[in-house]
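For reference, model.cif (mmCIF, C-alpha atoms):
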```cif
data_target
loop_
_atom_site.label_atom_id
_atom_site.label_comp_id
_atom_site.auth_asym_id
_atom_site.auth_seq_id
_atom_site.Cartn_x
_atom_site.Cartn_y
_atom_site.Cartn_z
CA MET A 1 0.00 0.00 0.00
CA SER A 2 1.50 3.32 -1.04
CA THR A 3 0.19 6.52 0.36
CA THR A 4 0.41 9.61 -1.79
CA PRO A 5 1.61 12.71 0.03
CA THR A 6 -0.17 15.02 -2.41
CA THR A 7 -3.60 14.79 -0.81
CA GLN A 8 -5.33 18.00 0.19
CA THR A 9 -6.48 16.94 3.66
CA ASP A 10 -3.52 17.37 5.91
CA PRO A 11 -3.74 15.05 8.91
CA GLU A 12 -2.03 17.73 11.04
CA THR A 13 -4.56 20.49 10.43
CA LYS A 14 -7.64 18.30 10.55
CA PRO A 15 -7.30 15.47 13.01
CA ARG A 16 -9.43 12.55 11.92
CA ARG A 17 -11.31 10.54 14.46
CA ARG A 18 -10.33 6.92 14.30
CA TYR A 19 -13.44 4.83 14.52
CA GLY A 20 -11.84 1.40 14.34
CA ILE A 21 -14.29 -1.29 15.30
CA GLY A 22 -16.82 1.44 16.06
CA ARG A 23 -17.47 1.61 12.32
CA VAL A 24 -19.09 -1.81 12.48
CA LEU A 25 -21.29 -0.54 15.31
CA ILE A 26 -22.18 2.57 13.31
CA THR A 27 -23.08 0.40 10.32
CA VAL A 28 -25.45 -1.75 12.36
CA TYR A 29 -26.99 1.41 13.82
CA ALA A 30 -27.43 2.86 10.34
CA ILE A 31 -29.11 -0.32 9.13
CA LEU A 32 -31.47 -0.33 12.13
CA ALA A 33 -32.18 3.37 11.55
CA ILE A 34 -33.17 2.58 7.96
CA GLY A 35 -35.22 -0.42 9.13
CA ALA A 36 -37.10 1.38 11.91
CA THR A 37 -37.71 4.52 9.87
CA SER A 38 -38.94 2.72 6.78
CA ARG A 39 -41.22 0.58 8.94
CA ALA A 40 -42.67 3.73 10.48
CA ILE A 41 -43.15 5.33 7.05
CA TYR A 42 -44.93 2.22 5.82
CA GLN A 43 -47.17 2.07 8.88
CA ILE A 44 -48.02 5.76 8.74
CA ALA A 45 -48.85 5.44 5.05
CA THR A 46 -51.15 2.48 5.52
CA VAL A 47 -52.56 1.78 8.96
CA TYR A 48 -52.03 4.84 11.10
CA SER A 49 -55.56 5.28 12.42
CA SER A 50 -55.94 1.68 13.50
CA ALA A 51 -52.71 1.29 15.44
CA ARG A 52 -51.55 4.54 16.95
CA ILE A 53 -49.37 3.20 19.75
CA PRO A 54 -47.12 0.84 17.75
CA ILE A 55 -46.84 3.31 14.89
CA THR A 56 -45.90 6.22 17.14
CA LEU A 57 -43.34 3.97 18.81
CA SER A 58 -41.96 2.94 15.43
CA ALA A 59 -41.55 6.57 14.48
CA VAL A 60 -39.90 7.41 17.82
CA SER A 61 -37.51 4.47 17.53
CA GLY A 62 -36.68 5.50 13.96
CA VAL A 63 -35.74 9.01 15.08
CA ILE A 64 -33.75 7.63 18.02
CA TYR A 65 -31.75 5.30 15.77
CA ILE A 66 -31.06 8.09 13.28
CA LEU A 67 -29.89 10.41 16.08
CA ALA A 68 -27.76 7.68 17.65
CA THR A 69 -26.13 6.90 14.29
CA LEU A 70 -25.30 10.58 13.72
CA ALA A 71 -24.08 11.04 17.28
CA LEU A 72 -21.72 8.08 16.93
CA ILE A 73 -20.27 9.49 13.71
CA LEU A 74 -19.99 13.18 14.59
CA PRO A 75 -17.11 14.44 16.76
CA GLY A 76 -17.18 16.52 19.89
CA ARG A 77 -18.53 16.48 23.41
CA ALA A 78 -22.07 17.53 22.53
CA TRP A 79 -22.58 14.64 20.12
CA TYR A 80 -20.94 12.31 22.60
CA ARG A 81 -23.63 13.27 25.12
CA VAL A 82 -26.35 12.88 22.51
CA ALA A 83 -24.99 9.41 21.84
CA TRP A 84 -25.27 8.49 25.52
CA VAL A 85 -28.79 9.89 25.81
CA THR A 86 -30.12 8.22 22.66
CA ILE A 87 -28.47 4.88 23.36
CA SER A 88 -29.74 4.88 26.96
CA PHE A 89 -33.23 5.74 25.73
CA GLU A 90 -32.95 2.94 23.24
CA LEU A 91 -32.02 0.39 25.89
CA LEU A 92 -34.87 1.60 28.07
CA GLY A 93 -37.22 1.44 25.09
CA VAL A 94 -36.35 -2.08 24.09
CA LEU A 95 -36.59 -3.32 27.69
CA VAL A 96 -39.89 -1.58 28.50
CA ILE A 97 -41.59 -2.25 25.16
CA GLY A 98 -40.17 -5.75 24.99
CA THR A 99 -41.56 -6.57 28.43
CA LEU A 100 -44.92 -4.89 27.77
CA SER A 101 -45.30 -6.74 24.50
CA LEU A 102 -44.89 -10.03 26.35
CA VAL A 103 -47.11 -9.10 29.31
CA ASP A 104 -49.91 -7.42 27.38
CA PRO A 105 -49.62 -8.00 23.60
CA ALA A 106 -52.98 -6.29 23.05
CA ILE A 107 -51.41 -2.83 23.47
CA PHE A 108 -49.33 -3.32 20.37
CA ALA A 109 -51.61 -5.52 18.32
CA GLY A 110 -52.86 -2.68 16.16
CA SER A 111 -53.83 -4.58 13.07
CA ALA A 112 -53.16 -7.84 11.28
CA THR A 113 -50.74 -6.22 8.84
CA VAL A 114 -48.37 -4.98 11.53
CA SER A 115 -48.21 -8.05 13.70
CA ASP A 116 -45.02 -7.16 15.51
CA GLY A 117 -45.81 -3.48 15.86
CA THR A 118 -42.40 -1.94 16.55
CA VAL A 119 -38.73 -2.84 16.27
CA TRP A 120 -38.69 -3.10 20.07
CA SER A 121 -41.55 -5.59 20.45
CA TYR A 122 -40.48 -8.89 22.00
CA TYR A 123 -37.00 -7.43 22.60
CA GLY A 124 -36.48 -6.94 18.88
CA ARG A 125 -37.26 -10.50 17.87
CA GLY A 126 -38.18 -9.39 14.35
CA TYR A 127 -34.67 -7.95 14.01
CA LEU A 128 -32.76 -10.99 15.29
CA PHE A 129 -32.66 -9.47 18.82
CA ILE A 130 -30.12 -6.95 17.57
CA PRO A 131 -32.09 -4.03 19.18
CA VAL A 132 -31.49 -5.41 22.67
CA VAL A 133 -27.79 -6.22 22.18
CA LEU A 134 -26.83 -3.10 20.25
CA PRO A 135 -27.29 -0.44 22.99
CA ILE A 136 -25.12 -2.49 25.34
CA LEU A 137 -22.35 -2.73 22.73
CA GLY A 138 -22.86 0.96 22.03
CA MET A 139 -22.35 1.87 25.69
CA ILE A 140 -19.22 -0.26 25.89
CA TRP A 141 -17.83 1.51 22.84
CA LEU A 142 -18.77 4.99 24.10
CA ARG A 143 -17.08 4.24 27.43
CA SER A 144 -13.96 3.04 25.66
CA ARG A 145 -13.56 6.30 23.79
CA ARG A 146 -13.92 8.67 26.74
CA SER A 147 -10.29 9.72 26.34
CA GLN A 148 -10.47 10.52 22.63
CA PRO A 149 -8.91 13.90 21.76
CA ASP A 150 -12.12 15.40 20.41
CA LEU A 151 -13.77 14.92 23.81
CA GLN A 152 -11.07 16.70 25.81
CA THR A 153 -11.72 20.25 24.66
CA GLY A 154 -14.07 22.60 26.47
CA ASP A 155 -15.22 22.08 30.04
CA MET B 156 -40.42 -12.44 -7.21
CA ILE B 157 -39.00 -15.62 -8.66
CA GLN B 158 -38.37 -18.22 -6.00
CA TRP B 159 -35.12 -19.68 -7.32
CA PHE B 160 -33.69 -16.24 -7.96
CA ALA B 161 -34.49 -15.17 -4.41
CA VAL B 162 -32.75 -18.30 -3.09
CA VAL B 163 -29.66 -17.59 -5.22
CA GLU B 164 -29.69 -13.97 -4.07
CA VAL B 165 -29.90 -14.86 -0.38
CA ALA B 166 -27.18 -17.52 -0.77
CA ILE B 167 -24.80 -15.14 -2.57
CA ALA B 168 -25.48 -12.27 -0.16
CA ALA B 169 -24.88 -14.55 2.82
CA ALA B 170 -21.71 -15.99 1.25
CA ALA B 171 -20.45 -12.51 0.36
CA GLY B 172 -21.21 -11.39 3.91
CA VAL B 173 -19.35 -14.25 5.56
CA LEU B 174 -16.44 -13.87 3.12
CA SER B 175 -16.02 -10.17 3.88
CA LEU B 176 -16.41 -10.72 7.61
CA ILE B 177 -13.62 -13.30 7.53
CA LEU B 178 -11.37 -11.17 5.28
CA GLY B 179 -11.93 -8.15 7.53
CA LEU B 180 -11.36 -9.98 10.77
CA PHE B 181 -8.10 -11.34 9.33
CA GLY B 182 -7.00 -7.76 8.75
CA ARG B 183 -7.42 -7.46 5.00
CA LYS B 184 -8.00 -4.05 3.51
CA PRO B 185 -10.82 -3.51 0.99
CA SER B 186 -9.91 -5.44 -2.15
CA ASP B 187 -11.43 -6.31 -5.51
CA LEU B 188 -12.68 -9.47 -3.85
CA SER B 189 -14.59 -7.90 -0.93
CA LEU B 190 -15.78 -4.88 -2.94
CA GLY B 191 -16.61 -7.09 -5.92
CA ALA B 192 -18.69 -9.41 -3.74
CA THR B 193 -20.63 -6.42 -2.42
CA ALA B 194 -21.06 -5.06 -5.95
CA LEU B 195 -22.43 -8.45 -7.02
CA VAL B 196 -24.97 -8.34 -4.19
CA GLU B 197 -26.04 -4.85 -5.31
CA LEU B 198 -26.36 -6.05 -8.92
CA LEU B 199 -28.55 -8.95 -7.81
CA LEU B 200 -30.75 -6.48 -5.92
CA LEU B 201 -31.10 -4.39 -9.08
CA ALA B 202 -32.03 -7.55 -11.00
CA GLN B 203 -34.51 -8.29 -8.22
CA LEU B 204 -36.03 -4.85 -8.66
CA VAL B 205 -36.46 -5.45 -12.42
CA ILE B 206 -38.00 -8.86 -11.75
CA ALA B 207 -40.39 -7.34 -9.20
CA ILE B 208 -41.45 -4.63 -11.63
CA PHE B 209 -42.21 -7.06 -14.45
CA SER B 210 -43.53 -10.06 -12.47
CA PRO B 211 -47.09 -8.73 -12.14
CA LEU B 212 -47.29 -8.40 -15.95
CA PHE B 213 -46.90 -12.17 -16.11
CA GLY B 214 -49.50 -12.88 -13.46
CA ASN B 215 -46.98 -13.21 -10.62
CA ASN B 216 -48.46 -10.81 -8.09
CA PRO B 217 -47.28 -10.22 -4.53
CA THR B 218 -49.56 -11.68 -1.88
CA GLY B 219 -48.45 -9.16 0.73
CA SER B 220 -48.22 -5.38 0.60
CA ILE B 221 -46.50 -4.12 -2.55
CA LEU B 222 -45.64 -0.87 -0.75
CA GLU B 223 -43.92 -2.69 2.09
CA PHE B 224 -42.07 -4.78 -0.49
CA TYR B 225 -40.74 -1.76 -2.36
CA ILE B 226 -39.72 -0.02 0.88
CA TYR B 227 -37.56 -3.06 1.59
CA VAL B 228 -36.14 -2.99 -1.94
CA ALA B 229 -35.29 0.70 -1.66
CA ALA B 230 -33.68 0.31 1.78
CA ALA B 231 -31.74 -2.75 0.59
CA LEU B 232 -30.44 -0.95 -2.51
CA ILE B 233 -29.03 1.88 -0.37
CA ILE B 234 -27.12 -0.26 2.13
CA PRO B 235 -24.38 -1.80 -0.11
CA LEU B 236 -23.84 1.61 -1.72
CA ILE B 237 -23.17 3.28 1.63
CA ALA B 238 -20.99 0.40 2.82
CA GLY B 239 -19.06 0.36 -0.46
CA PHE B 240 -18.58 4.12 -0.46
CA TRP B 241 -17.27 4.00 3.11
CA ALA B 242 -14.89 1.19 2.20
CA LEU B 243 -13.47 3.31 -0.61
CA VAL B 244 -13.08 6.40 1.60
CA GLU B 245 -11.48 4.69 4.59
CA ARG B 246 -9.56 1.70 3.47
CA ASP B 247 -8.94 -0.37 6.56
CA ARG B 248 -9.93 -3.78 7.84
CA TRP B 249 -13.09 -2.50 9.53
CA SER B 250 -14.54 -1.30 6.27
CA VAL B 251 -14.29 -4.90 5.05
CA VAL B 252 -16.18 -6.05 8.15
CA VAL B 253 -18.73 -3.31 7.38
CA LEU B 254 -19.13 -4.74 3.86
CA GLY B 255 -19.75 -8.14 5.42
CA VAL B 256 -22.37 -6.82 7.83
CA ALA B 257 -24.10 -4.98 4.97
CA CYS B 258 -24.23 -8.13 2.81
CA LEU B 259 -25.63 -10.20 5.69
CA ALA B 260 -28.29 -7.54 6.29
CA ILE B 261 -29.22 -7.80 2.60
CA ALA B 262 -29.58 -11.58 2.92
CA VAL B 263 -32.04 -11.08 5.80
CA MET B 264 -33.92 -8.36 3.93
CA VAL B 265 -34.31 -10.49 0.79
CA VAL B 266 -35.72 -13.30 2.94
CA ARG B 267 -38.20 -10.77 4.31
CA MET B 268 -39.04 -9.50 0.80
CA ASN B 269 -39.70 -13.06 -0.29
CA ILE B 270 -42.03 -13.57 2.68
CA ILE B 271 -43.94 -10.39 1.81
CA TRP B 272 -44.26 -11.54 -1.79
CA THR B 273 -45.21 -15.16 -1.26
CA VAL B 274 -46.28 -16.21 2.21
CA GLN B 275 -49.67 -14.63 2.81
CA THR B 276 -51.37 -16.95 0.33
CA GLN B 277 -55.17 -17.51 0.19
#
```

With the file now loaded, output its structure as C-alpha cells.
Amino acid sequence: MSTTPTTQTDPETKPRRRYGIGRVLITVYAILAIGATSRAIYQIATVYSSARIPITLSAVSGVIYILATLALILPGRAWYRVAWVTISFELLGVLVIGTLSLVDPAIFAGSATVSDGTVWSYYGRGYLFIPVVLPILGMIWLRSRRSQPDLQTGD
Amino acid sequence: MIQWFAVVEVAIAAAAGVLSLILGLFGRKPSDLSLGATALVELLLLAQLVIAIFSPLFGNNPTGSILEFYIYVAAALIIPLIAGFWALVERDRWSVVVLGVACLAIAVMVVRMNIIWTVQTQ
C-alpha cells in the first residue's frame, strides 16, 4: 500500500477521528435506523388510524436510531452526550416495550398487517434481537472512547 | 419475485457477507474481492427490482403489501452503496467487516421480501 503525500487533507490540520471497530457498530446502527424509519413510514402510510401506539413507537424508535447513528459518527462532546442519551433511551425502550409486548400484547396488536408493531416488540425478535444487544455494545464503545482527543476540549 | 432467484440472491449475499467478515477480521483491507462481492450483491438487488417490476405483468403478483415490499427494496439498494462508499473512503480492515455486515443484512432483507411476496397466500 503506497500513500500519496499530495492529498489536500492534511492530517495535522484536521485530526481525523479513528473509529476502528466502532465503524461496524455505526453500520449496524445505520441499518437499524433505515429499518425502523422505513417501517414507520410504511405504517403511517397504511394503517395509522388503527394502530396509533405501535406506529408512534416505530416513528420514535426510527428518530432515536437516526440520532444515535449521527451522534456516533460526529465528533465533539455535545454529540458524545447525545450518543449516551439516545443509546440509553434505546435500551430503556427495548426493555420496557419488549416486556410490555410479552405481558400485554394487546397494546401493540394494532392490526393484522403490523403483527409485531415496533422494532422493540419482544425485545427486537423481528430484528434478530439486535435491538437489545446493540445499545449495550454501544455503551461499551462509548465508554472506551472517553479519552479521545475530540472529547477533551471545552469544560 | 422468482423463488429460485431469491434463493440464489440470499445464498450469494450470505456468502459474500461471511467472506467479507472473515477477510476483515483477518486484517485485509478492501480489495477487488470484498468490494466485488458487495457489488455483485447490489447487482442482484437491481435484477430483483427489475423482476419485481415485471412479475405482475406475467401474473406473478405479490400476496403481501406491494408498498412494504418496495420499501424493503429501496432500503436494501441503499445499504451496499453506503458500505461500499465508506470502504473506498477509509480503506482499513473494519470497512471490510462493514461490507460483510451490509451483505448479511441484505440476505435477511431479501428473505423478508420473499415472505412479503409469497407467504400470505389464500

Name every residue that the PyMOL selection byres ((chain A) within 8 of (chain B)) selects in this structure, writing the answer as a ChimeraX atom specification with chains first and numbers rising. /A:20-21,23-24,27-28,31,34-35,38,42

What lies within 7 Å of range 132-149 of chain A using only C-alpha atoms, ignoring chain neighbours under 5 positions off, as an MDAnalysis selection string? chainID A and resid 22 87 90:91 94 123:124

Between CA of Tyr29 in chain A and CA of Ala161 in chain B, what distance in Å does the model show, to one decimal?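 Between CA of Tyr29 in chain A and CA of Ala161 in chain B the gap is 25.8 Å.
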
What is the CA of Ser189 in chain B-CA of Val205 in chain B distance in Å, reported with one decimal?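 Computed distance, CA of Ser189 in chain B to CA of Val205 in chain B, equals 24.8 Å.
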
Atom pair CA of Ala166 in chain B + CA of Ala36 in chain A, distance 24.8 Å

For range 71-80 of chain A: contacts at 7 Å, all atoms listed in the file, fewer than 6 positions along chain excluded, given as an MDAnalysis selection string: chainID A and resid 26 150:151

For the provided coordinates, the residues matched by the PyMOL selection byres ((chain B and resi 272) around 12) should be stated as a count of residues only. 31

Hey, what's within 12 Å of Val103 in chain A if we count only C-alpha atoms and toss same-chain stuff fewer than 6 positions away? As number ranges by chain, please? A: 96-97, 121-122

Go through A:Leu92, A:Ile55, A:Ile107, A:Ala30 one by one, measure the shortest atom-to-atom distance of each to Leu67 in chain A using all atoms listed in the file, and give the residue with the smallest value. A:Ala30

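With distances restricted to only C-alpha atoms, B:Leu204 is the closest residue to Phe160 in chain B from B:Ala192, B:Leu204, B:Leu212, B:Leu180.
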
So what does the PyMOL selection byres ((chain B and resi 173) around 10) actually pick up in this one, as a list in words?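 Here the PyMOL selection byres ((chain B and resi 173) around 10) matches Ile167, Ala168, Ala169, Ala170, Ala171, Gly172, Leu174, Ser175, Leu176, Ile177, Leu178, Gly179, Val252, Leu254, Gly255, Val256, Cys258 and Leu259 of chain B.
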
Starting from the block above, write range 227-256 of chain B out to a file with N, CA and C atoms, as a compact mmCIF listing (two decimals), in the first residue's frame, please.
```
# COMPACT_ATOMS: atom_id res chain seq x y z
N TYR B 227 -38.71 -2.18 1.34
CA TYR B 227 -37.56 -3.06 1.59
C TYR B 227 -36.55 -3.01 0.45
N VAL B 228 -37.05 -3.04 -0.79
CA VAL B 228 -36.14 -2.99 -1.94
C VAL B 228 -35.32 -1.71 -1.90
N ALA B 229 -35.99 -0.59 -1.66
CA ALA B 229 -35.29 0.70 -1.66
C ALA B 229 -34.23 0.74 -0.55
N ALA B 230 -34.63 0.30 0.66
CA ALA B 230 -33.68 0.31 1.78
C ALA B 230 -32.51 -0.62 1.47
N ALA B 231 -32.81 -1.78 0.89
CA ALA B 231 -31.74 -2.75 0.59
C ALA B 231 -30.78 -2.20 -0.45
N LEU B 232 -31.30 -1.49 -1.45
CA LEU B 232 -30.44 -0.95 -2.51
C LEU B 232 -29.46 0.08 -1.96
N ILE B 233 -29.88 0.82 -0.93
CA ILE B 233 -29.03 1.88 -0.37
C ILE B 233 -27.85 1.30 0.42
N ILE B 234 -28.11 0.22 1.15
CA ILE B 234 -27.12 -0.26 2.13
C ILE B 234 -25.77 -0.65 1.51
N PRO B 235 -25.71 -1.47 0.45
CA PRO B 235 -24.38 -1.80 -0.11
C PRO B 235 -23.68 -0.57 -0.67
N LEU B 236 -24.46 0.40 -1.17
CA LEU B 236 -23.84 1.61 -1.72
C LEU B 236 -23.12 2.38 -0.63
N ILE B 237 -23.80 2.55 0.52
CA ILE B 237 -23.17 3.28 1.63
C ILE B 237 -21.95 2.52 2.13
N ALA B 238 -22.11 1.21 2.32
CA ALA B 238 -20.99 0.40 2.82
C ALA B 238 -19.82 0.44 1.85
N GLY B 239 -20.12 0.35 0.56
CA GLY B 239 -19.06 0.36 -0.46
C GLY B 239 -18.36 1.70 -0.52
N PHE B 240 -19.15 2.78 -0.44
CA PHE B 240 -18.58 4.12 -0.46
C PHE B 240 -17.64 4.31 0.72
N TRP B 241 -18.09 3.87 1.89
CA TRP B 241 -17.27 4.00 3.11
C TRP B 241 -15.97 3.21 2.98
N ALA B 242 -16.08 2.03 2.37
CA ALA B 242 -14.89 1.19 2.20
C ALA B 242 -13.89 1.85 1.26
N LEU B 243 -14.39 2.63 0.31
CA LEU B 243 -13.47 3.31 -0.61
C LEU B 243 -12.84 4.53 0.06
N VAL B 244 -13.59 5.19 0.95
CA VAL B 244 -13.08 6.40 1.60
C VAL B 244 -12.07 6.05 2.68
N GLU B 245 -12.39 5.08 3.51
CA GLU B 245 -11.48 4.69 4.59
C GLU B 245 -11.11 3.23 4.41
N ARG B 246 -9.92 3.05 3.86
CA ARG B 246 -9.56 1.70 3.47
C ARG B 246 -8.83 0.98 4.59
N ASP B 247 -9.58 0.48 5.58
CA ASP B 247 -8.94 -0.37 6.56
C ASP B 247 -9.78 -1.63 6.78
N ARG B 248 -9.30 -2.48 7.67
CA ARG B 248 -9.93 -3.78 7.84
C ARG B 248 -11.40 -3.65 8.24
N TRP B 249 -11.71 -2.61 9.02
CA TRP B 249 -13.09 -2.50 9.53
C TRP B 249 -14.07 -2.19 8.42
N SER B 250 -13.59 -1.53 7.36
CA SER B 250 -14.54 -1.30 6.27
C SER B 250 -14.88 -2.61 5.56
N VAL B 251 -13.97 -3.59 5.63
CA VAL B 251 -14.29 -4.90 5.05
C VAL B 251 -15.32 -5.61 5.92
N VAL B 252 -15.17 -5.49 7.25
CA VAL B 252 -16.18 -6.05 8.15
C VAL B 252 -17.54 -5.38 7.90
N VAL B 253 -17.49 -4.05 7.68
CA VAL B 253 -18.73 -3.31 7.38
C VAL B 253 -19.39 -3.87 6.12
N LEU B 254 -18.58 -4.15 5.08
CA LEU B 254 -19.13 -4.74 3.86
C LEU B 254 -19.82 -6.06 4.18
N GLY B 255 -19.17 -6.85 5.05
CA GLY B 255 -19.75 -8.14 5.42
C GLY B 255 -21.08 -7.99 6.14
N VAL B 256 -21.12 -7.06 7.09
CA VAL B 256 -22.37 -6.82 7.83
C VAL B 256 -23.47 -6.37 6.87
```
